[in-house]
Amino acid sequence: MALALPLQLRDRLIVLTALGFLAALAVAWITTRHVVKPTEQLTAAAERMARGDLASPVGVAAEDEVGKLAESLDIMRQRLQAALEAIERTNRELESRVAERTARLGQLLRKTISAQEEERQRLARELHDETAQTLAALTIALDRARDGLDRATPRALEQIGLAKVIAERLLAETRRLILGLRPMVLDDLGLLPAIRWQCESYLGELGVEATIEGDPAAARLPGHIEVALFRIVQEAISNVARHAEAEHVRIGLARDGDTVTVTVADDGRGFDAERIGREPGHDERVGLIGMQERVALLGGRMEIRSGRGQGTEVVVEVPLAEEARA
Ligand SMILES: Nc1ncnc2c1ncn2[C@@H]1O[C@H](COP(=O)(O)OP(=O)(O)OP(=O)(O)O)[C@@H](O)[C@H]1O
Ligand SMILES: [Mg+2]
């Protein structure tokens with residue numbers, strides 16, 4: 001009996017120790033969870049922010065240091081979100097201002113081009129109706145004067161002959177000027193005859209042979225498109241005359257539904273189209289840029305295929321449906 005008591009006590013002690021140990025484990029586990037869980041939440045919130053999610057709150061409820069850290073992180077999140085929204089707002093404003101300015105510039109360019117066309121048309125008419133007529137009359141008058149001067153000295157006759165040559169040259173120059181300003185044939189007969197005239201006038205005397213292929217479906221186009229395409233082909237022809245050293249040029253005008261395609265292809269020396277904008281003196285070259293701008297105003301596209309020794313092909317495509325924009 002004396003031994004039984006200590007044994008019972010020992011068993012109880014063992015049970016109590018085990019319980020105490022389990023209780024200590026439970027307390028340790030609860031305490032650890034209490035500290036670790038907010039830290040895990042904090043880490044998850046920081047990762048969300050790193051991924052760009054600034055809308056979800058940090059959401060860590062703790063009174064200790066981790067809680068303070070979470071609060072600071074949430075303030076930082078809100079400030080970042082506000083700053084980002086401000087940047088996006090400013091970006092949107094800037095984009096719409098750029099779009100508005102671009103549209104206004106486009107309108108201005110359109111107006112400038114049509115004012116320039118009107119002025120050219122007016123000048124061409126005046127030169128045609130006044131200057132060219134007067135010069136033509138002068139050559140006739142000189143002819144008559146010479147015929148009537150039976151007893152004039154050979155020198156006087158020679159001078160009159162010379163005056164006539166000068167008047168004829170002036171007349172030819174004036175006609176060329178009129179053609180460059182605004183060939184009346186463009187308004188009267190359309191693009192193809194105007195292009196043909198242009199080729200004869202600029203390429204004929206250089207010995208460059210021109211083939212012109214015209215699609216009957218593109219015989220007449222809306223006026224402003226004819227004028228724009230004429231200016232584009234005019235510049236392309238002038239480039240062939242000035243730079244290409246070509247023997248032959250092929251000009252094509254085709255229409256496929258609502259798309260008009262103009263091609264000017266020469267077999268000349270070609271050039272490196274990629275390098276044009278980087279070469280010295282490129283600022284003064286406005287021909288290709290002007291072509292590009294006219295095409296853009298019509299909502300079309302332009303492609304230059306060229307390479308040294310490979311000739312040059314300029315392809316312009318414009319939609320007829322865009323005509324309402326002009
Ligand atoms: N058909 C072509 N063949 C060979 N080179 C060409 C041709 N078209 C253009 N080029 C080259 O591209 C350059 C740029 O042409 P662009 O029409 O822009 O300017 P430009 O003719 O020199 O001057 P402008 O402003 O009077 O037109 C030319 O200087 C020439 O070197
Ligand atoms: Mg040019």
# chains A, B, ... in the order shown; residues from 1 in each chain; ligands from 1
$ residues_around --residues "Val58 of chain A" --least-positions-apart "2" --cutoff "7 Å" --atoms "only C-alpha atoms" --output "MDAnalysis selection string"
chainID A and resid 42 45 56 60 70 74
$ write_last_selection --atoms "C-alpha atoms" --output "short mmCIF file (atom, residue, chain, number, x, y, z; two decimals), in the first residue's frame"
data_model
loop_
_atom_site.label_atom_id
_atom_site.label_comp_id
_atom_site.auth_asym_id
_atom_site.auth_seq_id
_atom_site.Cartn_x
_atom_site.Cartn_y
_atom_site.Cartn_z
CA LEU A 42 1.81 40.91 -46.09
CA ALA A 45 -0.11 41.72 -50.73
CA SER A 56 -6.91 45.24 -53.73
CA VAL A 60 -3.78 42.57 -42.71
CA ALA A 70 0.81 46.55 -43.45
CA ASP A 74 -1.47 50.07 -47.86
#
$ residues_around --residues "segment 226-240 of chain A" --least-positions-apart "3" --cutoff "6 Å" --atoms "only C-alpha atoms" --output "PyMOL selection string"
chain A and resi 191+221+223+243-244+291
$ closest_residue --among "A:Arg301, A:Arg151, A:Arg269, A:Arg101" --to "ligand 1" --atoms "only C-alpha atoms and all ligand atoms"
A:Arg269
$ residues_around --residues "Ala273 of chain A" --least-positions-apart "4" --cutoff "8 Å" --atoms "only C-alpha atoms" --output "number ranges by chain"
A: 304-307
$ residues_near_ligand --ligand "ligand 1" --cutoff "10 Å" --atoms "only C-alpha atoms and all ligand atoms" --output "VMD selection string"
chain A and resid 235 to 246 249 264 to 277 279 281 to 292 304 to 314
